file start-v5.cif (mmCIF, C-alpha atoms)
data_entry
loop_
_atom_site.label_atom_id
_atom_site.label_comp_id
_atom_site.auth_asym_id
_atom_site.auth_seq_id
_atom_site.Cartn_x
_atom_site.Cartn_y
_atom_site.Cartn_z
CA MET A 996 107.33 78.22 88.50
CA LYS A 997 110.44 78.79 86.38
CA LYS A 998 112.90 81.62 86.73
CA PRO A 999 113.21 81.79 90.51
CA GLY A 1000 115.63 84.71 90.08
CA LEU A 1001 113.06 87.02 88.55
CA LEU A 1002 110.34 85.84 90.91
CA ASP A 1003 112.49 86.75 93.89
CA ARG A 1004 112.75 90.30 92.61
CA LEU A 1005 109.01 90.82 92.75
CA SER A 1006 107.65 92.70 95.73
CA ASP A 1007 105.75 90.72 98.35
CA GLU A 1008 102.50 92.23 97.14
CA ALA A 1009 103.23 91.34 93.51
CA ARG A 1010 104.17 87.80 94.46
CA GLU A 1011 100.94 87.39 96.38
CA LYS A 1012 99.02 88.41 93.27
CA ILE A 1013 100.88 86.26 90.78
CA GLU A 1014 100.83 83.12 92.90
CA SER A 1015 97.07 82.92 92.46
CA TRP A 1016 97.43 82.88 88.65
CA PRO A 1017 97.56 79.73 86.51
CA ASN A 1018 101.09 78.48 85.87
CA GLU A 1019 101.01 79.42 82.22
CA ALA A 1020 100.03 83.01 83.02
CA GLN A 1021 102.83 83.20 85.57
CA ARG A 1022 105.35 81.90 83.04
CA LEU A 1023 104.22 84.45 80.44
CA PHE A 1024 104.48 87.31 82.91
CA LEU A 1025 108.00 86.30 83.87
CA GLU A 1026 108.85 86.30 80.18
CA LEU A 1027 107.54 89.86 80.05
CA LEU A 1028 109.95 90.77 82.81
CA GLU A 1029 112.81 89.12 80.96
CA ASP A 1030 111.91 91.00 77.78
CA ALA A 1031 111.57 94.34 79.56
CA ARG A 1032 113.98 96.90 78.26
CA SER A 1033 115.30 98.06 81.64
CA GLU A 1034 115.04 97.71 85.40
CA LEU A 1035 112.72 100.71 85.46
CA GLN A 1036 110.29 98.95 83.15
CA ARG A 1037 110.45 95.81 85.28
CA GLU A 1038 109.69 97.91 88.35
CA LEU A 1039 106.72 99.53 86.61
CA LEU A 1040 105.37 96.10 85.72
CA ASN A 1041 106.00 94.92 89.28
CA ARG A 1042 103.95 97.81 90.67
CA ALA A 1043 101.18 97.35 88.14
CA LEU A 1044 100.99 93.68 89.09
CA ALA A 1045 100.90 94.56 92.80
CA ALA A 1046 98.08 97.03 92.04
CA GLY A 1047 95.99 94.08 90.91
CA HIS A 1048 95.90 94.36 87.13
CA SER A 1049 95.11 91.31 85.05
CA ALA A 1050 97.61 89.38 82.95
CA LYS A 1051 96.12 90.83 79.76
CA GLU A 1052 96.41 94.38 81.04
CA LEU A 1053 100.01 93.79 82.08
CA HIS A 1054 100.87 92.37 78.68
CA ALA A 1055 99.41 95.42 76.97
CA PHE A 1056 101.25 97.70 79.39
CA ALA A 1057 104.56 95.91 78.80
CA ASP A 1058 104.07 96.22 75.04
CA ALA A 1059 103.44 99.93 75.46
CA LEU A 1060 106.53 100.48 77.58
CA ARG A 1061 108.99 98.35 75.63
CA PRO A 1062 109.85 100.84 72.87
CA LEU A 1063 110.28 103.70 75.34
CA SER A 1064 113.46 104.96 76.92
CA ASP A 1065 113.61 105.13 80.70
CA ARG A 1066 112.88 108.81 80.62
CA GLU A 1067 109.88 108.33 78.36
CA ALA A 1068 108.59 105.39 80.35
CA PHE A 1069 108.87 107.32 83.60
CA GLY A 1070 107.19 110.36 82.06
CA SER A 1071 104.31 108.30 80.70
CA CYS A 1072 103.51 106.82 84.11
CA THR A 1073 104.06 109.79 86.39
CA LEU A 1074 101.86 112.78 87.04
CA ALA A 1075 104.19 115.76 87.32
CA GLU A 1076 103.34 118.92 89.23
CA HIS A 1077 102.67 120.85 86.07
CA GLU A 1078 100.09 118.37 84.81
CA PRO A 1079 96.72 119.78 83.81
CA HIS A 1080 94.51 120.46 86.78
CA GLY A 1081 91.25 118.65 87.29
CA TYR A 1082 92.48 115.37 88.70
CA SER A 1083 90.71 114.40 91.89
CA VAL A 1084 92.65 113.57 95.04
CA VAL A 1085 91.65 109.96 94.59
CA GLN A 1086 93.00 109.89 91.03
CA LEU A 1087 96.28 111.44 92.08
CA LEU A 1088 96.73 109.10 95.00
CA ARG A 1089 95.95 106.05 92.94
CA ALA A 1090 98.23 107.15 90.13
CA GLU A 1091 101.13 107.34 92.57
CA SER A 1092 100.96 103.66 93.40
CA ASP A 1093 99.63 102.26 90.09
CA PRO A 1094 101.73 103.14 87.03
CA LEU A 1095 99.32 101.48 84.61
CA TYR A 1096 96.51 103.61 85.93
CA ALA A 1097 98.72 106.71 85.68
CA TYR A 1098 99.55 105.78 82.10
CA GLU A 1099 95.87 105.64 81.17
CA LEU A 1100 95.09 108.78 83.17
CA LYS A 1101 97.63 110.65 81.05
CA GLY A 1102 95.82 109.59 77.91
CA GLY A 1103 97.59 106.35 77.10
CA VAL A 1104 95.29 103.69 75.72
CA LEU A 1105 95.90 100.03 76.26
CA SER A 1106 93.93 97.44 74.37
CA PRO A 1107 94.26 94.11 76.13
CA GLU A 1108 91.18 92.70 74.38
CA GLU A 1109 92.36 93.33 70.82
CA SER A 1110 95.61 92.87 69.01
CA ARG A 1111 95.98 96.53 67.99
CA ALA A 1112 99.02 98.30 69.35
CA PRO A 1113 98.78 100.36 72.50
CA VAL A 1114 98.86 104.13 72.20
CA MET A 1115 101.25 106.30 74.13
CA PRO A 1116 100.22 109.34 76.13
CA LYS A 1117 100.32 112.42 73.97
CA ASP A 1118 103.31 114.07 75.66
CA VAL A 1119 105.44 110.95 75.28
CA ALA A 1120 104.31 110.36 71.70
CA SER A 1121 105.41 113.87 70.77
CA ARG A 1122 108.92 113.25 72.11
CA THR A 1123 109.56 109.87 70.58
CA ALA A 1124 110.30 109.05 66.98
CA PRO A 1125 106.96 108.24 65.33
CA ARG A 1126 106.31 104.53 65.34
CA ARG A 1127 103.30 104.80 63.07
CA SER A 1128 102.07 107.20 60.46
CA LEU A 1129 99.11 109.39 61.26
CA PRO A 1130 96.66 107.26 59.23
CA GLN A 1131 97.90 104.21 61.11
CA LEU A 1132 97.41 105.96 64.40
CA LYS A 1133 93.93 107.07 63.47
CA ALA A 1134 93.14 103.57 62.32
CA ALA A 1135 94.08 102.50 65.84
CA ARG A 1136 91.54 105.07 67.08
CA PHE A 1137 94.17 107.33 68.57
CA ASP A 1138 92.75 110.82 68.58
CA VAL A 1139 95.66 113.19 68.01
CA THR A 1140 94.36 116.51 69.22
CA GLU A 1141 95.96 119.74 70.29
CA GLY A 1142 93.73 119.97 73.31
CA PRO A 1143 94.22 118.70 76.84
CA LEU A 1144 94.88 115.04 77.42
CA LYS A 1145 91.78 112.91 77.29
CA ARG A 1146 90.63 111.13 80.38
CA PRO A 1147 90.22 107.36 80.25
CA LYS A 1148 86.75 106.36 79.12
CA ASP A 1149 85.97 104.33 82.20
CA LYS A 1150 85.45 107.44 84.33
CA ALA A 1151 83.15 105.45 86.57
CA LEU A 1152 86.14 103.39 87.60
CA ILE A 1153 88.49 106.28 88.16
CA GLY A 1154 89.43 106.43 91.79
CA GLN A 1155 87.40 103.33 92.50
CA SER A 1156 88.96 100.08 93.42
CA ARG A 1157 87.91 96.95 91.64
CA GLU A 1158 86.99 93.68 93.26
CA LEU A 1159 86.38 90.31 91.80
CA GLY A 1160 82.72 89.47 91.72
CA SER A 1161 81.40 85.95 92.10
CA SER A 1162 81.66 85.49 88.34
CA GLY A 1163 85.35 86.40 88.49
CA ALA A 1164 84.80 89.68 86.63
CA ARG A 1165 86.08 92.84 88.27
CA LYS A 1166 83.39 95.19 89.50
CA PRO A 1167 83.75 98.69 90.96
CA VAL A 1168 83.49 99.22 94.69
CA PRO A 1169 81.68 102.40 95.71
CA LEU A 1170 83.88 105.27 96.81
CA THR A 1171 83.84 106.26 100.43
CA ALA A 1172 81.16 108.68 101.50
CA ASP A 1173 83.43 111.73 101.34
CA GLY A 1174 85.24 110.71 98.17
CA VAL A 1175 88.57 110.20 99.92
CA CYS A 1176 90.05 106.71 99.79
CA LEU A 1177 93.14 106.17 101.87
CA LEU A 1178 93.01 102.42 102.10
CA GLN A 1179 89.50 100.99 101.64
CA ASP A 1180 90.18 99.43 98.25
CA VAL A 1181 93.56 97.97 99.15
CA LEU A 1182 92.24 96.80 102.51
CA ASN A 1183 89.20 95.03 101.07
CA GLU A 1184 91.33 93.36 98.44
CA ALA A 1185 93.60 92.07 101.21
CA VAL A 1186 90.86 90.71 103.48
CA ARG A 1187 88.38 89.47 100.90
CA SER A 1188 89.44 85.83 101.22
CA LEU A 1189 88.97 86.10 104.99
CA GLY A 1190 85.33 87.05 104.48
CA LEU A 1191 85.70 90.65 105.66
CA VAL A 1192 84.65 93.94 104.12
CA TYR A 1193 85.59 97.33 105.54
CA GLU A 1194 83.98 100.72 105.12
CA GLU A 1195 86.27 103.75 105.41
CA ARG A 1196 84.87 106.86 107.11
CA ALA A 1197 86.13 110.29 108.05
CA VAL A 1198 86.07 110.98 111.79
CA ASP A 1199 84.76 114.28 113.21
CA GLY A 1200 84.35 117.31 110.98
CA GLN A 1201 81.32 118.29 108.99
CA GLY A 1202 79.17 115.35 107.97
CA ALA A 1203 81.69 112.85 109.33
CA LEU A 1204 81.30 110.15 111.94
CA PRO A 1205 81.81 111.43 115.49
CA LEU A 1206 84.77 109.78 117.20
CA GLU A 1207 82.60 108.55 120.06
CA ALA A 1208 80.33 106.68 117.67
CA ALA A 1209 83.31 105.33 115.74
CA LEU A 1210 84.83 103.95 118.94
CA GLU A 1211 81.56 102.28 119.88
CA VAL A 1212 81.49 100.42 116.59
CA ALA A 1213 85.20 99.69 116.73
CA ALA A 1214 84.83 98.16 120.20
CA THR A 1215 82.13 95.80 118.92
CA ALA A 1216 84.37 94.71 116.06
CA LEU A 1217 87.38 94.23 118.32
CA MET A 1218 85.36 92.12 120.75
CA ARG A 1219 84.62 89.85 117.81
CA GLY A 1220 88.31 89.62 116.98
CA VAL A 1221 88.31 91.95 113.97
CA PRO A 1222 91.09 94.58 113.90
CA VAL A 1223 90.18 98.16 112.99
CA PRO A 1224 92.50 100.33 110.86
CA ILE A 1225 92.67 104.05 111.61
CA ALA A 1226 94.38 107.14 110.31
CA MET A 1227 95.93 109.60 112.75
CA GLY A 1228 96.74 113.26 112.40
CA LYS A 1229 96.99 116.54 114.22
CA GLU A 1230 93.56 117.87 113.25
CA VAL A 1231 90.35 116.94 111.49
CA GLY A 1232 91.00 115.96 107.89
CA HIS A 1233 94.72 115.53 108.44
CA TYR A 1234 96.12 112.07 107.75
CA ARG A 1235 99.70 111.62 108.87
CA ARG A 1236 99.97 107.95 109.75
CA LEU A 1237 97.99 104.74 109.48
CA ALA A 1238 97.65 102.38 112.44
CA VAL A 1239 95.46 99.52 113.56
CA MET A 1240 93.37 98.89 116.67
CA LEU A 1241 94.22 95.38 117.83
CA GLN A 1242 92.18 94.84 120.99
CA VAL A 1243 89.76 96.42 123.41
CA SER A 1244 89.68 95.78 127.13
CA LYS A 1245 86.82 96.68 129.43
CA SER A 1246 87.22 97.35 133.13
CA GLY A 1247 84.07 98.44 134.89
CA HIS A 1248 82.66 101.31 132.88
CA THR A 1249 85.92 102.19 131.18
CA ARG A 1250 87.44 100.82 128.04
CA ALA A 1251 91.00 100.77 126.78
CA PHE A 1252 92.14 100.25 123.21
CA GLN A 1253 95.40 98.73 122.04
CA LEU A 1254 96.87 100.54 119.03
CA TYR A 1255 99.68 99.37 116.75
CA ASP A 1256 101.69 101.67 114.46
CA PRO A 1257 103.41 99.50 111.80
CA VAL A 1258 105.81 102.31 110.86
CA SER A 1259 107.26 102.97 114.31
CA GLN A 1260 106.36 99.41 115.39
CA GLU A 1261 104.98 100.82 118.62
CA VAL A 1262 102.10 99.07 120.34
CA ARG A 1263 100.30 100.99 123.07
CA TRP A 1264 97.24 100.73 125.27
CA THR A 1265 95.25 103.92 125.78
CA ASN A 1266 92.05 104.69 127.63
CA GLU A 1267 89.00 105.68 125.66
CA GLY A 1268 88.96 108.94 127.60
CA ASN A 1269 92.35 109.89 126.18
CA LEU A 1270 91.15 109.17 122.66
CA VAL A 1271 87.98 111.25 122.93
CA ALA A 1272 89.96 114.13 124.46
CA ARG A 1273 91.50 114.45 121.00
CA VAL A 1274 94.66 116.00 122.41
CA GLU A 1275 97.28 113.30 122.25
CA LEU A 1276 97.78 109.75 121.10
CA PRO A 1277 100.07 107.35 122.97
CA PHE A 1278 102.80 107.20 120.33
CA SER A 1279 106.21 108.84 120.44
CA ASP A 1280 105.33 111.06 117.46
CA LYS A 1281 103.46 113.83 119.25
CA ALA A 1282 102.17 115.27 116.00
CA LEU A 1283 99.70 112.37 116.10
CA LYS A 1284 97.00 113.95 118.23
CA ARG A 1285 93.76 112.32 117.22
CA ILE A 1286 92.04 109.69 115.15
CA THR A 1287 90.96 111.34 111.91
CA ARG A 1288 89.76 108.41 109.85
CA ILE A 1289 88.62 104.85 110.50
CA ALA A 1290 87.82 101.70 108.53
CA LEU A 1291 84.98 99.80 110.17
CA PRO A 1292 84.20 96.19 109.26
CA LEU A 1293 80.79 95.16 107.98
CA LEU A 1294 80.38 92.12 110.17
CA ASN A 1295 77.36 90.85 108.30
CA LEU A 1296 78.11 91.38 104.64
CA GLY A 1297 75.91 94.12 103.27
CA ASP A 1298 75.15 95.58 106.68
CA SER A 1299 76.89 98.53 108.16
CA LEU A 1300 77.74 98.63 111.83
CA VAL A 1301 77.26 102.38 111.64
CA THR A 1302 73.67 103.52 112.03
CA MET B 374 90.80 78.47 129.87
CA SER B 375 94.53 77.82 130.25
CA ALA B 376 96.80 80.71 131.18
CA PRO B 377 98.45 81.18 127.75
CA PHE B 378 95.04 81.56 126.11
CA ALA B 379 93.71 83.84 128.83
CA SER B 380 96.62 86.27 128.61
CA ARG B 381 95.70 89.84 127.68
CA GLU B 382 98.61 89.96 125.28
CA LEU B 383 97.73 86.77 123.39
CA ASN B 384 96.28 88.86 120.57
CA GLY B 385 98.48 91.89 121.19
CA ASP B 386 102.25 91.70 121.80
CA VAL B 387 102.37 87.92 121.37
CA LEU B 388 100.53 88.12 118.06
CA LEU B 389 102.79 90.88 116.76
CA ASP B 390 105.93 88.94 117.70
CA GLU B 391 104.60 85.89 115.89
CA LEU B 392 103.75 87.99 112.85
CA ALA B 393 107.27 89.36 112.78
CA ASP B 394 108.69 85.82 112.86
CA LEU B 395 106.37 84.68 110.11
CA ARG B 396 107.23 87.69 107.98
CA LEU B 397 110.92 87.03 108.48
CA ALA B 398 110.37 83.45 107.38
CA LYS B 399 108.54 84.77 104.28
CA VAL B 400 105.29 83.03 105.07
CA GLN B 401 102.77 84.36 102.53
CA GLN B 402 99.34 85.70 103.34
CA LYS B 403 97.83 82.93 101.25
CA GLN B 404 99.42 80.31 103.52
CA LEU B 405 98.06 82.04 106.62
CA ASN B 406 94.60 82.11 105.08
CA GLU B 407 94.81 78.42 104.23
CA CYS B 408 95.92 77.67 107.77
CA VAL B 409 92.89 79.50 109.17
CA ALA B 410 90.59 77.62 106.80
CA ALA B 411 92.06 74.34 108.05
CA LEU B 412 91.69 75.34 111.71
CA ARG B 413 88.15 76.71 111.68
CA PRO B 414 86.40 73.31 111.75
CA LEU B 415 88.26 72.54 114.99
CA ALA B 416 86.74 75.44 116.94
CA LYS B 417 83.83 73.44 118.34
CA GLU B 418 85.64 70.16 118.82
CA PRO B 419 86.54 68.82 122.26
CA VAL B 420 90.17 69.31 123.16
CA SER B 421 91.05 65.62 122.75
CA VAL B 422 89.88 65.65 119.11
CA ALA B 423 91.34 69.08 118.43
CA VAL B 424 94.82 68.09 119.63
CA ARG B 425 94.86 65.09 117.29
CA ARG B 426 93.60 67.00 114.28
CA LEU B 427 95.85 69.94 114.97
CA LYS B 428 98.85 67.65 114.72
CA HIS B 429 97.82 66.81 111.14
CA VAL B 430 97.41 70.50 110.31
CA SER B 431 100.77 71.43 111.81
CA SER B 432 102.53 68.54 110.03
CA ALA B 433 101.07 69.63 106.72
CA ALA B 434 102.06 73.25 107.39
CA GLN B 435 105.55 72.15 108.49
CA ALA B 436 106.15 70.57 105.10
CA GLU B 437 105.62 73.88 103.31
CA HIS B 438 106.73 76.35 105.96
CA PRO B 439 108.56 75.05 109.02
CA THR B 440 108.05 78.29 110.95
CA LEU B 441 104.27 78.17 110.59
CA GLY B 442 104.20 74.45 111.35
CA ARG B 443 106.27 74.98 114.50
CA LEU B 444 103.99 77.77 115.66
CA LEU B 445 100.93 75.57 115.25
CA ALA B 446 102.63 72.72 117.09
CA GLN B 447 103.66 75.02 119.98
CA TRP B 448 100.12 76.23 120.46
CA GLY B 449 98.77 72.72 120.04
CA ASN B 450 100.94 71.58 122.94
CA ARG B 451 99.31 74.19 125.18
CA LEU B 452 95.76 72.94 124.65
CA LYS B 453 94.40 71.69 127.95
CA HIS B 454 90.71 72.56 128.14
CA ASP B 455 87.84 72.64 125.67
CA GLY B 456 87.74 76.44 125.92
CA ASP B 457 91.34 76.64 124.73
CA VAL B 458 90.43 75.30 121.29
CA ALA B 459 88.23 78.22 120.28
CA ALA B 460 90.84 80.61 121.66
CA LEU B 461 93.54 78.96 119.55
CA VAL B 462 91.44 79.13 116.39
CA GLY B 463 90.56 82.74 117.17
CA HIS B 464 94.22 83.58 117.67
CA PHE B 465 95.20 82.27 114.25
CA GLU B 466 92.22 84.02 112.67
CA ARG B 467 93.42 87.28 114.18
CA LEU B 468 96.98 86.50 113.09
CA ALA B 469 95.85 86.16 109.48
CA THR B 470 93.56 89.20 109.63
CA VAL B 471 96.11 91.49 111.26
CA SER B 472 98.72 90.32 108.77
CA ALA B 473 96.41 91.20 105.88
CA VAL B 474 95.43 94.54 107.41
CA VAL B 475 99.02 95.57 108.19
CA GLY B 476 100.04 94.60 104.67
CA ALA B 477 97.26 96.80 103.29
CA LEU B 478 98.33 99.66 105.57
CA ARG B 479 101.89 99.43 104.30
CA ARG B 480 100.69 99.44 100.68
CA SER B 481 98.43 102.42 101.38
CA ALA B 482 101.08 104.39 103.27
CA GLU B 483 102.14 106.24 100.11
CA ARG B 484 98.71 107.84 99.91
CA ILE B 485 99.15 109.68 103.19
CA ALA B 486 99.82 113.37 102.64
CA ARG B 487 103.15 114.70 103.84
CA PRO B 488 102.86 116.42 107.21
CA LYS B 489 102.29 120.16 107.12
#
call {"tool": "encode", "arguments": {"input": "start-v5.cif", "output": "structure tokens"}}
result
Amino acid sequence: MKKPGLLDRLSDEAREKIESWPNEAQRLFLELLEDARSELQRELLNRALAAGHSAKELHAFADALRPLSDREAFGSCTLAEHEPHGYSVVQLLRAESDPLYAYELKGGVLSPEESRAPVMPKDVASRTAPRRSLPQLKAARFDVTEGPLKRPKDKALIGQSRELGSSGARKPVPLTADGVCLLQDVLNEAVRSLGLVYEERAVDGQGALPLEAALEVAATALMRGVPVPIAMGKEVGHYRRLAVMLQVSKSGHTRAFQLYDPVSQEVRWTNEGNLVARVELPFSDKALKRITRIALPLLNLGDSLVT
Amino acid sequence: MSAPFASRELNGDVLLDELADLRLAKVQQKQLNECVAALRPLAKEPVSVAVRRLKHVSSAAQAEHPTLGRLLAQWGNRLKHDGDVAALVGHFERLATVSAVVGALRRSAERIARPK
């Protein structure tokens, strides 16, 4: 690849994505970065790449951002507190990490398949000098209304992660059972080439998986060498930190689990009894009292370990 | 099974230390995955065959990433019994999986709500 300087400025996640692209696509993307108007725009493209968008989508996004000032670009890709209500938690969470998604969620329209120009979100369009006349905008199917911002048409994909199917086309992955998605989509994207699929579940609480059952399944996975991600918090439904179960050890009738917190970089063994007591976890942050969410691997693809 | 492969911390503290070294050396997830793919066929081989073939794998890895190649060579030198081979392959599988999972956790960390 050319331009090692620009490549070095990509995040690890973005580099992982782009290195699987054909050389020509990589070269064109790096040209997009060179042509970006500012460091902010390069960062937005970096994050959109890391979020897994295709080369065509990124080109359309770059074209949309290029005429904008930093303030306008930031505003078009960020959901502010005063935004219209009605966004789901999943939409909000995804928009935080994926600026292209946020751009479309705010009403921006990108058209990677056609050559027509992208359309800015309404609030940005109203602040910038008009680039096109109204007939031109309407010809580009931009619906200038006084009402609330329109949601992207692909509502079925909102909040859902997308995975490459066997044909190479992206297909939606079902949301988790309770509609919350802390890491299932990112996790499955990361482990797909290793032949793993995870299913994220809430632990305890109404309709959720009891911790005891979750630990039973987790132990089976760990015995087979598959790590198990968890979320920890102080009470049911509270997610303060993500961690991973690395190993399980059995001694007589008791089991112990080894947990690793990548943030504090602590690794601790704890007995199953301590976990099911739901009072304290073995990390230095004592606000982490219990396991509140878990991602369990489907060890035979299509089957769930959870009955 | 030899002592290094029977250690309780093979896939705990040892694995995490190795991951930290690999991350410092900027070994990409794709390279770890390719390493696992190259090692998997060795799992059922007798140790004499596995040692020979592992040398090829580690040499090839060394060319691209010296740190990964050295790690493979170090573990290859510890192979003594047939049971060690599956443990070695399993260790590198876990290395790659934990690396991918931890990477995903870091990318997902922004989604965690601020503490109350």
call {"tool": "interface_residues", "arguments": {"input": "start-v5.cif", "of": "chain A", "to": "chain B", "cutoff": "7 Å", "atoms": "all atoms listed in the file", "output": "JSON, numbers by chain"}}
result
{"A": [1088, 1177, 1178, 1181, 1182, 1185, 1186, 1189, 1220, 1221, 1222, 1234, 1235, 1236, 1237, 1241, 1242, 1257]}
call {"tool": "resolve_selection", "arguments": {"input": "start-v5.cif", "expression": "the PyMOL selection byres ((chain B and resi 377) around 10)", "output": "MDAnalysis selection string"}}
result
chainID B and resid 374:376 378:383 448 451:452 457 460:461
call {"tool": "write_last_selection", "arguments": {"input": "start-v5.cif", "atoms": "C-alpha atoms", "output": "mmCIF file, in the frame of the given file"}}
result
data_model
loop_
_atom_site.group_PDB
_atom_site.id
_atom_site.type_symbol
_atom_site.label_atom_id
_atom_site.label_comp_id
_atom_site.auth_asym_id
_atom_site.auth_seq_id
_atom_site.Cartn_x
_atom_site.Cartn_y
_atom_site.Cartn_z
ATOM 1 C CA MET B 374 90.800 78.470 129.870
ATOM 2 C CA SER B 375 94.530 77.820 130.250
ATOM 3 C CA ALA B 376 96.800 80.710 131.180
ATOM 4 C CA PHE B 378 95.040 81.560 126.110
ATOM 5 C CA ALA B 379 93.710 83.840 128.830
ATOM 6 C CA SER B 380 96.620 86.270 128.610
ATOM 7 C CA ARG B 381 95.700 89.840 127.680
ATOM 8 C CA GLU B 382 98.610 89.960 125.280
ATOM 9 C CA LEU B 383 97.730 86.770 123.390
ATOM 10 C CA TRP B 448 100.120 76.230 120.460
ATOM 11 C CA ARG B 451 99.310 74.190 125.180
ATOM 12 C CA LEU B 452 95.760 72.940 124.650
ATOM 13 C CA ASP B 457 91.340 76.640 124.730
ATOM 14 C CA ALA B 460 90.840 80.610 121.660
ATOM 15 C CA LEU B 461 93.540 78.960 119.550
#
call {"tool": "resolve_selection", "arguments": {"input": "start-v5.cif", "expression": "the PyMOL selection byres ((chain A and resi 1253) around 7)", "output": "PyMOL selection string"}}
result
chain A and resi 1240-1243+1251-1252+1254-1255+1262-1265
call {"tool": "resolve_selection", "arguments": {"input": "start-v5.cif", "expression": "the PyMOL selection byres ((chain A and resi 1069) around 10)", "output": "PyMOL selection string"}}
result
chain A and resi 1035-1036+1039+1060+1063-1068+1070-1074+1094+1098+1119
call {"tool": "closest_residue", "arguments": {"input": "start-v5.cif", "among": "A:Ile1286, A:Val1258, A:Val1175, A:Leu1291", "to": "Met1227 (chain A)", "atoms": "all atoms listed in the file"}}
result
A:Ile1286
call {"tool": "closest_residue", "arguments": {"input": "start-v5.cif", "among": "B:Leu397, B:Ala411, B:Leu405, B:Ala416", "to": "Val462 (chain B)", "atoms": "all atoms listed in the file"}}
result
B:Ala416
call {"tool": "closest_residue", "arguments": {"input": "start-v5.cif", "among": "B:Ala459, B:Ala434, B:Leu441, B:Leu412", "to": "Leu395 (chain B)", "atoms": "all atoms listed in the file"}}
result
B:Leu441
call {"tool": "atom_distance", "arguments": {"input": "start-v5.cif", "atom1": "CA of His1054 (chain A)", "atom2": "CA of Tyr1096 (chain A)"}}
result
14.1 Å
call {"tool": "atom_distance", "arguments": {"input": "start-v5.cif", "atom1": "CA of Gly449 (chain B)", "atom2": "CA of Val400 (chain B)"}}
result
19.3 Å
call {"tool": "atom_distance", "arguments": {"input": "start-v5.cif", "atom1": "CA of Asp390 (chain B)", "atom2": "CA of Ser431 (chain B)"}}
result
19.2 Å
